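Enquirer: Next comes the structure file coords-v1.cif, holding mmCIF, C-alpha atoms.
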data_start
loop_
_atom_site.label_atom_id
_atom_site.label_comp_id
_atom_site.auth_asym_id
_atom_site.auth_seq_id
_atom_site.Cartn_x
_atom_site.Cartn_y
_atom_site.Cartn_z
CA MET A 1 37.33 10.30 38.89
CA LYS A 2 38.07 7.93 41.75
CA CYS A 3 36.51 4.52 41.97
CA ASN A 4 35.29 4.94 45.56
CA GLN A 5 33.03 7.81 44.57
CA SER A 6 29.99 6.29 42.94
CA VAL A 7 28.49 8.25 40.08
CA LEU A 8 25.20 7.32 38.41
CA LEU A 9 25.03 8.10 34.71
CA PHE A 10 22.11 7.98 32.29
CA CYS A 11 22.11 8.18 28.51
CA VAL A 12 19.24 7.73 26.09
CA GLN A 13 20.12 5.83 22.93
CA GLN A 14 18.12 6.56 19.80
CA GLU A 15 17.13 3.44 17.82
CA ASP A 16 14.39 2.65 15.33
CA THR A 17 12.66 0.25 17.70
CA ASP A 18 14.32 0.45 21.11
CA HIS A 19 13.12 -1.88 23.85
CA ASN A 20 15.80 -0.72 26.37
CA TYR A 21 17.44 -4.15 26.51
CA TYR A 22 17.04 -4.98 22.82
CA THR A 23 16.45 -3.31 19.49
CA SER A 24 14.29 -5.07 16.91
CA LYS A 25 13.85 -4.98 13.17
CA THR A 26 10.95 -6.60 11.33
CA TYR A 27 11.35 -7.81 7.75
CA GLY A 28 8.32 -8.24 5.49
CA PRO A 29 7.60 -11.04 2.99
CA THR A 30 9.27 -9.20 0.09
CA ASP A 31 12.43 -8.31 2.02
CA PRO A 32 15.40 -10.55 1.09
CA MET A 33 16.45 -10.62 4.75
CA SER A 34 13.34 -12.65 5.64
CA LYS A 35 14.58 -15.46 3.42
CA ASP A 36 18.17 -15.12 4.62
CA LEU A 37 17.18 -15.32 8.30
CA TRP A 38 15.22 -18.55 7.82
CA VAL A 39 17.40 -21.57 8.72
CA ASN A 40 16.75 -24.58 6.50
CA VAL A 41 17.28 -27.43 8.95
CA ASP A 42 16.96 -29.96 6.13
CA GLN A 43 20.33 -28.77 4.87
CA MET A 44 22.02 -28.95 8.26
CA ASP A 45 24.26 -31.70 9.60
CA LYS A 46 21.93 -34.65 10.29
CA ASP A 47 24.03 -35.67 13.30
CA LYS A 48 23.18 -32.38 15.03
CA VAL A 49 19.53 -32.01 14.08
CA LYS A 50 17.21 -33.49 16.72
CA ILE A 51 13.52 -34.24 16.46
CA HIS A 52 12.27 -34.36 20.03
CA GLY A 53 10.12 -37.48 20.18
CA ILE A 54 8.10 -36.57 23.25
CA LEU A 55 7.47 -32.90 22.45
CA SER A 56 6.41 -33.90 18.95
CA ASN A 57 3.67 -36.15 20.33
CA THR A 58 2.30 -34.35 23.39
CA HIS A 59 0.50 -31.20 24.51
CA ARG A 60 1.68 -28.65 27.09
CA GLN A 61 5.00 -30.35 27.69
CA ALA A 62 8.47 -28.87 28.08
CA ALA A 63 11.95 -30.37 27.93
CA ARG A 64 15.43 -29.16 28.86
CA VAL A 65 17.96 -28.55 26.10
CA ASN A 66 21.64 -28.11 26.93
CA LEU A 67 23.59 -25.55 24.90
CA SER A 68 27.11 -26.02 23.62
CA PHE A 69 27.80 -22.29 24.11
CA ASP A 70 27.02 -19.49 26.54
CA PHE A 71 23.93 -17.61 25.40
CA PRO A 72 23.59 -14.03 26.76
CA PHE A 73 19.99 -13.18 27.64
CA TYR A 74 19.32 -9.79 29.25
CA GLY A 75 23.03 -9.77 30.13
CA HIS A 76 22.92 -13.17 31.87
CA PHE A 77 24.77 -16.12 30.36
CA LEU A 78 22.61 -19.23 29.99
CA ARG A 79 23.80 -22.76 29.27
CA ASP A 80 20.49 -24.62 29.24
CA LEU A 81 16.95 -23.74 28.17
CA THR A 82 13.51 -25.35 28.27
CA VAL A 83 11.68 -25.84 24.98
CA ALA A 84 7.88 -26.00 25.21
CA THR A 85 5.30 -27.35 22.79
CA GLY A 86 3.42 -24.03 22.95
CA GLY A 87 5.78 -22.17 20.61
CA PHE A 88 8.17 -20.68 23.15
CA ILE A 89 11.41 -21.29 25.07
CA TYR A 90 11.52 -20.92 28.85
CA THR A 91 14.75 -19.37 30.15
CA GLY A 92 14.31 -19.60 33.93
CA ASP A 93 16.41 -21.68 36.32
CA VAL A 94 13.48 -23.17 38.22
CA VAL A 95 10.96 -25.12 36.12
CA HIS A 96 7.40 -24.64 37.39
CA ARG A 97 3.93 -25.27 36.01
CA MET A 98 3.27 -21.70 34.84
CA LEU A 99 6.04 -21.31 32.25
CA THR A 100 4.00 -18.92 30.10
CA ALA A 101 4.04 -16.13 32.70
CA THR A 102 7.55 -14.71 32.25
CA GLN A 103 11.19 -15.52 31.45
CA TYR A 104 10.52 -16.64 27.91
CA ILE A 105 11.63 -16.32 24.30
CA ALA A 106 8.41 -16.56 22.30
CA PRO A 107 8.38 -16.48 18.51
CA LEU A 108 4.68 -17.40 18.76
CA MET A 109 3.34 -18.57 22.11
CA ALA A 110 -0.09 -20.18 21.65
CA ASN A 111 -2.07 -23.33 22.36
CA PHE A 112 -0.20 -25.58 19.95
CA ASP A 113 -0.70 -29.32 20.25
CA PRO A 114 1.77 -31.43 18.21
CA SER A 115 -0.08 -34.60 19.19
CA VAL A 116 -3.07 -33.87 16.95
CA SER A 117 -1.11 -34.46 13.73
CA ARG A 118 1.49 -37.03 12.73
CA ASN A 119 3.22 -34.34 10.66
CA SER A 120 3.81 -32.04 13.64
CA THR A 121 7.34 -32.00 15.07
CA VAL A 122 9.50 -29.94 17.41
CA ILE A 123 13.04 -29.77 16.05
CA TYR A 124 16.23 -28.25 17.46
CA PHE A 125 19.74 -27.84 16.11
CA ASP A 126 22.93 -26.62 17.84
CA ASN A 127 25.97 -25.90 15.65
CA GLY A 128 28.20 -24.54 18.41
CA THR A 129 27.43 -20.85 17.85
CA ALA A 130 23.63 -20.89 17.48
CA LEU A 131 20.60 -22.87 18.60
CA VAL A 132 17.66 -23.24 16.21
CA VAL A 133 14.30 -24.42 17.55
CA GLN A 134 11.59 -25.06 14.98
CA TRP A 135 7.91 -25.79 15.52
CA ASP A 136 7.09 -27.59 12.28
CA HIS A 137 3.53 -28.01 10.99
CA VAL A 138 1.98 -27.58 14.44
CA HIS A 139 -1.75 -26.98 14.91
CA LEU A 140 -3.77 -25.04 17.44
CA GLN A 141 -5.54 -27.51 19.68
CA ASP A 142 -8.76 -25.52 19.80
CA ASN A 143 -8.80 -24.68 16.07
CA TYR A 144 -7.23 -27.51 14.09
CA ASN A 145 -8.99 -26.72 10.82
CA LEU A 146 -7.23 -23.37 10.45
CA GLY A 147 -4.12 -25.16 9.18
CA SER A 148 -0.58 -25.72 10.38
CA PHE A 149 2.03 -23.23 11.60
CA THR A 150 5.77 -23.47 10.88
CA PHE A 151 8.15 -21.04 12.56
CA GLN A 152 11.47 -20.99 14.41
CA ALA A 153 13.64 -19.14 16.88
CA THR A 154 17.41 -18.87 16.46
CA LEU A 155 19.57 -17.90 19.44
CA HIS A 156 23.08 -16.76 18.57
CA SER A 157 26.12 -16.82 20.85
CA ASP A 158 26.44 -13.02 20.57
CA GLY A 159 22.96 -12.61 22.08
CA ARG A 160 21.17 -11.94 18.81
CA ILE A 161 17.68 -13.51 18.60
CA VAL A 162 15.85 -14.18 15.34
CA PHE A 163 12.20 -15.14 14.92
CA ALA A 164 11.41 -16.48 11.44
CA TYR A 165 8.00 -17.45 10.12
CA LYS A 166 7.36 -19.76 7.17
CA GLU A 167 3.68 -20.67 7.46
CA ILE A 168 1.21 -18.54 9.42
CA PRO A 169 -2.29 -19.46 8.18
CA MET A 170 -4.19 -16.76 10.08
CA GLU A 171 -3.75 -13.36 11.69
CA VAL A 172 -1.81 -13.82 14.91
CA ALA A 173 -3.89 -11.13 16.61
CA GLN A 174 -6.97 -13.30 16.02
CA ILE A 175 -5.61 -16.40 17.78
CA SER A 176 -7.70 -17.16 20.85
CA SER A 177 -6.07 -16.69 24.24
CA VAL A 178 -8.91 -18.26 26.22
CA ASN A 179 -7.08 -21.52 26.94
CA HIS A 180 -3.51 -20.35 26.50
CA PRO A 181 -1.70 -16.97 26.41
CA VAL A 182 -0.75 -15.64 22.98
CA LYS A 183 2.52 -13.73 23.08
CA VAL A 184 5.29 -12.71 20.71
CA GLY A 185 8.47 -11.35 22.25
CA LEU A 186 10.79 -11.67 25.23
CA SER A 187 10.49 -11.48 29.00
CA ASP A 188 12.77 -11.75 32.02
CA ALA A 189 12.28 -11.65 35.77
CA PHE A 190 14.02 -12.04 39.10
CA VAL A 191 13.07 -14.28 42.01
CA VAL A 192 12.79 -12.95 45.57
CA VAL A 193 12.63 -15.21 48.62
CA HIS A 194 10.32 -13.95 51.38
CA ARG A 195 10.26 -15.31 54.90
CA ILE A 196 6.80 -16.11 56.24
CA GLN A 197 6.73 -14.84 59.83
CA GLN A 198 3.72 -16.94 60.78
CA ILE A 199 5.44 -20.18 59.71
CA PRO A 200 9.03 -20.65 60.94
CA ASN A 201 11.62 -22.04 58.52
CA VAL A 202 9.27 -21.58 55.56
CA ARG A 203 10.05 -19.26 52.68
CA ARG A 204 7.96 -18.15 49.73
CA ARG A 205 9.48 -17.62 46.31
CA THR A 206 7.94 -14.80 44.33
CA ILE A 207 8.93 -13.91 40.78
CA TYR A 208 8.83 -10.34 39.49
CA GLU A 209 8.94 -9.55 35.79
CA TYR A 210 11.23 -6.54 35.36
CA HIS A 211 11.10 -6.25 31.57
CA ARG A 212 9.15 -7.46 28.56
CA VAL A 213 9.51 -7.02 24.80
CA GLU A 214 6.15 -7.16 23.03
CA LEU A 215 6.40 -7.37 19.25
CA THR A 216 3.62 -6.24 16.93
CA LYS A 217 1.49 -9.29 16.10
CA THR A 218 -0.04 -7.79 12.99
CA LYS A 219 3.35 -7.79 11.25
CA ILE A 220 3.77 -11.56 11.58
CA THR A 221 2.68 -13.32 8.40
CA ASN A 222 4.05 -15.89 5.99
CA SER A 223 7.73 -15.38 5.10
CA THR A 224 8.45 -12.66 7.68
CA ALA A 225 11.21 -12.37 10.25
CA VAL A 226 12.16 -10.34 13.32
CA GLU A 227 15.77 -9.74 14.36
CA MET A 228 16.55 -8.57 17.90
CA MET A 229 19.95 -7.21 18.87
CA PRO A 230 20.98 -6.99 22.54
CA LEU A 231 21.89 -3.61 23.97
CA PRO A 232 24.63 -3.12 26.60
CA THR A 233 23.69 -3.81 30.23
CA CYS A 234 25.41 -3.00 33.50
CA LEU A 235 26.29 -6.67 34.01
CA GLN A 236 28.88 -6.57 31.22
CA PHE A 237 31.17 -4.24 33.18
CA THR A 238 33.64 -6.10 35.40
CA SER A 239 35.42 -3.21 37.16
CA CYS A 240 34.35 -0.26 39.23
CA ASP A 241 35.86 2.31 36.87
CA SER A 242 34.16 0.92 33.76
CA CYS A 243 30.89 0.53 35.66
CA ILE A 244 30.52 4.05 37.04
CA SER A 245 31.81 5.67 33.86
CA SER A 246 29.50 3.70 31.58
CA GLN A 247 27.14 5.69 29.39
CA ILE A 248 24.40 3.24 28.50
CA ASN A 249 20.64 3.10 28.86
CA PHE A 250 20.77 2.25 32.59
CA ASN A 251 21.92 3.74 35.88
CA CYS A 252 24.87 1.47 36.69
CA SER A 253 26.25 1.18 40.23
CA TRP A 254 29.19 -0.82 41.53
CA CYS A 255 28.84 -3.06 44.60
CA HIS A 256 32.21 -3.75 46.24
CA LEU A 257 30.88 -6.65 48.31
CA LEU A 258 29.67 -8.56 45.26
CA HIS A 259 32.30 -7.18 42.88
CA ARG A 260 29.44 -6.61 40.45
CA CYS A 261 28.01 -3.84 38.30
CA SER A 262 24.24 -3.62 38.19
CA SER A 263 21.25 -1.35 37.83
CA GLY A 264 19.70 -3.25 40.74
CA PHE A 265 17.14 -4.91 38.49
CA ASP A 266 18.33 -8.21 37.05
CA ARG A 267 18.32 -11.88 38.03
CA HIS A 268 20.78 -11.15 40.85
CA ARG A 269 18.35 -8.78 42.57
CA GLN A 270 18.21 -10.94 45.71
CA ASP A 271 22.00 -10.81 46.18
CA TRP A 272 22.02 -7.08 45.50
CA VAL A 273 19.50 -6.40 48.26
CA ASP A 274 20.77 -9.02 50.75
CA ASN A 275 24.27 -7.53 50.60
CA SER A 276 22.93 -3.99 51.09
CA CYS A 277 24.37 -2.83 47.78
CA PRO A 278 21.83 0.03 47.48
CA ASP A 279 22.80 1.18 50.98
CA GLU A 280 26.47 0.98 50.04
CA VAL A 281 25.90 3.32 47.11
CA ASN A 282 23.99 5.77 49.32
CA ILE A 283 26.74 5.74 51.98
CA ILE A 284 29.40 6.54 49.39
CA LEU A 285 27.35 9.40 48.02
CA GLU A 286 26.69 10.80 51.51
CA SER A 287 30.36 10.55 52.49
CA ALA A 288 31.40 12.39 49.35
CA ALA A 289 28.87 15.12 50.09
CA GLU A 290 30.10 15.55 53.68
CA ARG A 291 33.72 15.97 52.57
CA LYS A 292 32.67 18.73 50.19
CA ASP A 293 30.50 20.59 52.76
CA THR A 294 32.27 23.87 53.50
CA HIS A 295 29.25 26.18 53.61
CA PRO A 296 28.38 28.26 56.70
CA LEU A 297 25.67 27.09 59.11
CA HIS A 298 22.89 29.36 57.84
CA THR A 299 23.58 28.32 54.26
CA GLY A 300 23.35 24.67 55.30
CA LEU A 301 20.01 25.33 57.00
CA ILE A 302 18.59 26.93 53.87
CA LEU A 303 19.86 24.08 51.75
CA GLY A 304 18.32 21.60 54.19
CA ILE A 305 14.92 23.23 53.87
CA LEU A 306 15.21 23.19 50.10
CA VAL A 307 16.15 19.52 50.16
CA VAL A 308 13.08 18.69 52.28
CA LEU A 309 10.85 20.56 49.86
CA LEU A 310 12.44 18.81 46.91
CA ILE A 311 11.98 15.41 48.58
CA MET A 312 8.31 16.14 49.20
CA ALA A 313 7.82 17.22 45.59
CA ALA A 314 9.71 14.17 44.36
CA ALA A 315 7.55 11.87 46.51
CA VAL A 316 4.42 13.29 44.91
CA LEU A 317 5.87 12.91 41.41
CA VAL A 318 7.04 9.34 42.12
CA THR A 319 3.59 8.40 43.43
CA VAL A 320 1.94 9.74 40.28
CA TYR A 321 4.55 8.02 38.07
CA ILE A 322 4.13 4.64 39.80
CA TYR A 323 0.38 4.88 39.50
CA HIS A 324 0.56 5.40 35.75
CA HIS A 325 3.58 3.07 35.13
CA PRO A 326 2.99 -0.06 37.28
CA THR A 327 5.70 -2.10 35.51
CA SER A 328 8.50 0.46 35.81
CA ALA A 329 11.66 -0.10 37.86
CA ALA A 330 10.36 2.22 40.60
CA SER A 331 7.14 0.25 40.84
CA LEU A 332 9.04 -3.04 41.12
CA PHE A 333 11.17 -1.52 43.88
CA PHE A 334 8.09 -0.84 46.02
CA ILE A 335 6.38 -4.06 44.94
CA GLU A 336 9.26 -6.01 46.40
CA ARG A 337 8.97 -4.26 49.76
CA ARG A 338 5.18 -4.33 49.99
CA PRO A 339 4.33 -7.84 48.79
CA SER A 340 0.99 -7.94 50.61
CA ARG A 341 -0.44 -4.92 48.78
CA TRP A 342 0.98 -5.24 45.28
CA PRO A 343 0.28 -7.90 42.65
CA ALA A 344 3.00 -10.42 41.84
CA MET A 345 3.24 -13.86 40.32
CA LYS A 346 3.44 -16.48 43.06
CA PHE A 347 2.59 -19.49 40.83
CA ARG A 348 0.17 -21.15 43.21
CA ARG A 349 -2.26 -23.89 42.30
CA GLY A 350 -5.55 -22.77 40.88
CA SER A 351 -4.16 -19.82 38.90
CA GLY A 352 -5.42 -19.05 35.44
CA HIS A 353 -2.13 -19.90 33.73
CA PRO A 354 -1.91 -23.13 31.72
CA ALA A 355 0.07 -25.84 33.45
CA TYR A 356 3.15 -27.26 31.74
CA ALA A 357 4.90 -30.46 32.76
CA GLU A 358 8.60 -31.11 32.30
CA VAL A 359 9.57 -34.26 30.46
CA GLU A 360 12.76 -36.24 30.06
CA PRO A 361 13.80 -37.84 26.74
CA VAL A 362 13.04 -41.56 26.79
CA GLY A 363 14.04 -42.45 23.25
CA GLN A 364 17.45 -43.38 21.96
CA GLU A 365 19.36 -41.17 19.58
CA LYS A 366 20.09 -42.67 16.18
CA GLU A 367 21.70 -40.79 13.31
CA GLY A 368 21.01 -37.46 14.93
CA PHE A 369 17.33 -38.10 15.65
CA ILE A 370 15.42 -39.18 18.74
CA GLU A 371 13.12 -42.12 18.16
CA SER A 372 9.91 -41.53 20.02
CA GLU A 373 8.34 -44.31 22.03
CA GLN A 374 4.96 -42.71 21.48
CA CYS A 375 2.93 -42.80 18.26
#
For this file, produce the structure as structure tokens.
Expert:
Amino acid sequence: MKCNQSVLLFCVQQEDTDHNYYTSKTYGPTDPMSKDLWVNVDQMDKDKVKIHGILSNTHRQAARVNLSFDFPFYGHFLRDLTVATGGFIYTGDVVHRMLTATQYIAPLMANFDPSVSRNSTVIYFDNGTALVVQWDHVHLQDNYNLGSFTFQATLHSDGRIVFAYKEIPMEVAQISSVNHPVKVGLSDAFVVVHRIQQIPNVRRRTIYEYHRVELTKTKITNSTAVEMMPLPTCLQFTSCDSCISSQINFNCSWCHLLHRCSSGFDRHRQDWVDNSCPDEVNIILESAAERKDTHPLHTGLILGILVVLLIMAAAVLVTVYIYHHPTSAASLFFIERRPSRWPAMKFRRGSGHPAYAEVEPVGQEKEGFIESEQC
């Protein structure tokens, strides 16, 4: 097989709980793995354990945390994250007010307010190969009397993500989402810049969620854990040969202009489209077909008619599929090209999402802890 002849391959991988980009395993209270996956920060190096003074004393706040290692998330390597008081980590590049919408790692996203109790803290710990973020004894703002929650998320340098739960005083499915979304899982998205024809030199950024992992809330109780392992993505292949010969859960294509392997749906979607990478793939396929065309004229005419009929049938099937699967890759493809008729998250003022504000640490570090200036 030559590298200049693009071939799209597809392979379904069988896993117990397969989320396409990740596989997950849930461990119950009696499973020894639940205890093993819980990281006891009290036994960690005190110089590396940080209690974030501001996050531990505020509501709906988020703060940047720099990593000492590259963390692969949906195939993209991240070096900084944003920890929020609401039980989740934001993974996007651009910090906005609607962090709960997408691009998150959420062991338990809810309306937590560390400021309502002096015992509530947000702790993080980076040992060079893993980042542990723990929401310790936090309360729901709109239901303080239910008790405190203690849980954590551990992000490993190999891309593995662990959610561990120590204290969950109520059924997660019963937590109110009136004032704040309640989510458990992962999400990623890509940003597309649209030019506004009516206003010169003005562009609108729109974010499209291309994948989400939703974990079962009823399985989250005291002393449980969830382990998520990343599956291969097209982005890991660095050459044309390895890209087009890959047999993973995605249709991988190689773009010569970007020197990148992609399915077309990742955080680099804008570059993929702007550099006409989909067109490049189609041109290669058409050129290969022309070189192999040795059939007589009447045979070509018959084949042409059959192709037209197949295209018409495919269009009907695609329309039906998009209607019943609005979050599929095909739906996102048309969403991007018809922004005025399809829903998307534009993060404008007045939306129903809770607003988060980014904060900067103002305390001084002493013996591995941040001393808060707030009480």
Enquirer: Selected by the PyMOL selection byres ((chain A and resi 144) around 12) in the shown coordinates: which residues, as a list of chain:residue names?
Expert: A:Asn111, A:Phe112, A:Asp113, A:Pro114, A:Ser115, A:Val116, A:Ser117, A:Ser120, A:His137, A:Val138, A:His139, A:Leu140, A:Gln141, A:Asp142, A:Asn143, A:Asn145, A:Leu146, A:Gly147, A:Ser148, A:Phe149, A:Pro169, A:Met170, A:Ile175
Enquirer: Evaluate the PyMOL selection byres ((chain A and resi 219) around 9) against this structure - the residues, as JSON, numbers by chain, please.
Expert: {"A": [26, 27, 28, 172, 215, 216, 217, 218, 220, 221, 224]}
Enquirer: Which is closer to Val65 (chain A) than all the others in A:Ile89, A:Met312, A:Cys243, A:Ala130, using only C-alpha atoms?
Expert: A:Ile89
Enquirer: What's the separation between CA of Thr121 (chain A) and CA of Trp135 (chain A), in Å to one decimal place?
Expert: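 Going from CA of Thr121 (chain A) over to CA of Trp135 (chain A) covers 6.3 Å.
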Enquirer: With 3 Å added on each side, what axis-aligned box encloses every listed atom of region 65-72 of chain A? Give the centre and edge lengths in Å to one decimal, as AutoDock Vina command-line options.
Expert:
--center_x 22.9 --center_y -21.3 --center_z 25.3 --size_x 15.8 --size_y 20.5 --size_z 9.3
Enquirer: Which distance in Å separates CA of Leu37 (chain A) and CA of Phe163 (chain A), to one decimal?
Expert: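 That distance, rounded to one decimal, is 8.3 Å.
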Enquirer: Start from the incomplete input, build N, CA and C atoms for region 81-101 of chain A, and deliver everything as a short mmCIF file (atom, residue, chain, number, x, y, z; two decimals), in the coordinates of the input.
Expert:
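Result file is rebuild-v5.cif:
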data_model
loop_
_atom_site.label_atom_id
_atom_site.label_comp_id
_atom_site.auth_asym_id
_atom_site.auth_seq_id
_atom_site.Cartn_x
_atom_site.Cartn_y
_atom_site.Cartn_z
N LEU A 81 18.25 -24.35 28.38
CA LEU A 81 16.95 -23.74 28.17
C LEU A 81 15.88 -24.82 28.21
N THR A 82 14.63 -24.41 28.26
CA THR A 82 13.51 -25.35 28.27
C THR A 82 12.60 -25.05 27.09
N VAL A 83 12.51 -26.00 26.17
CA VAL A 83 11.68 -25.84 24.98
C VAL A 83 10.29 -26.38 25.28
N ALA A 84 9.26 -25.62 24.94
CA ALA A 84 7.88 -26.00 25.21
C ALA A 84 7.12 -26.22 23.91
N THR A 85 6.12 -27.06 23.97
CA THR A 85 5.30 -27.35 22.79
C THR A 85 4.51 -26.13 22.34
N GLY A 86 4.26 -25.19 23.24
CA GLY A 86 3.42 -24.03 22.95
C GLY A 86 4.11 -22.91 22.22
N GLY A 87 5.16 -23.18 21.45
CA GLY A 87 5.78 -22.17 20.61
C GLY A 87 6.66 -21.18 21.32
N PHE A 88 7.29 -21.58 22.42
CA PHE A 88 8.17 -20.68 23.15
C PHE A 88 9.27 -21.46 23.85
N ILE A 89 10.29 -20.73 24.33
CA ILE A 89 11.41 -21.29 25.07
C ILE A 89 11.44 -20.62 26.44
N TYR A 90 11.45 -21.43 27.48
CA TYR A 90 11.52 -20.92 28.85
C TYR A 90 12.98 -20.78 29.24
N THR A 91 13.35 -19.65 29.84
CA THR A 91 14.75 -19.37 30.15
C THR A 91 15.07 -19.36 31.64
N GLY A 92 14.09 -19.66 32.49
CA GLY A 92 14.31 -19.60 33.93
C GLY A 92 15.10 -20.79 34.46
N ASP A 93 15.65 -20.62 35.67
CA ASP A 93 16.41 -21.68 36.32
C ASP A 93 15.50 -22.73 36.95
N VAL A 94 14.39 -22.27 37.52
CA VAL A 94 13.48 -23.17 38.22
C VAL A 94 12.29 -23.46 37.31
N VAL A 95 12.09 -24.74 36.97
CA VAL A 95 10.96 -25.12 36.12
C VAL A 95 9.72 -25.30 36.98
N HIS A 96 8.66 -24.56 36.65
CA HIS A 96 7.40 -24.64 37.39
C HIS A 96 6.28 -24.87 36.39
N ARG A 97 5.07 -24.91 36.87
CA ARG A 97 3.93 -25.27 36.01
C ARG A 97 3.41 -24.09 35.19
N MET A 98 3.78 -22.88 35.53
CA MET A 98 3.27 -21.70 34.84
C MET A 98 4.38 -21.05 34.01
N LEU A 99 4.91 -21.78 33.03
CA LEU A 99 6.04 -21.31 32.25
C LEU A 99 5.69 -20.13 31.36
N THR A 100 4.41 -19.96 31.05
CA THR A 100 4.00 -18.92 30.10
C THR A 100 4.00 -17.52 30.72
N ALA A 101 4.19 -17.42 32.02
CA ALA A 101 4.04 -16.13 32.70
C ALA A 101 5.16 -15.15 32.37
#
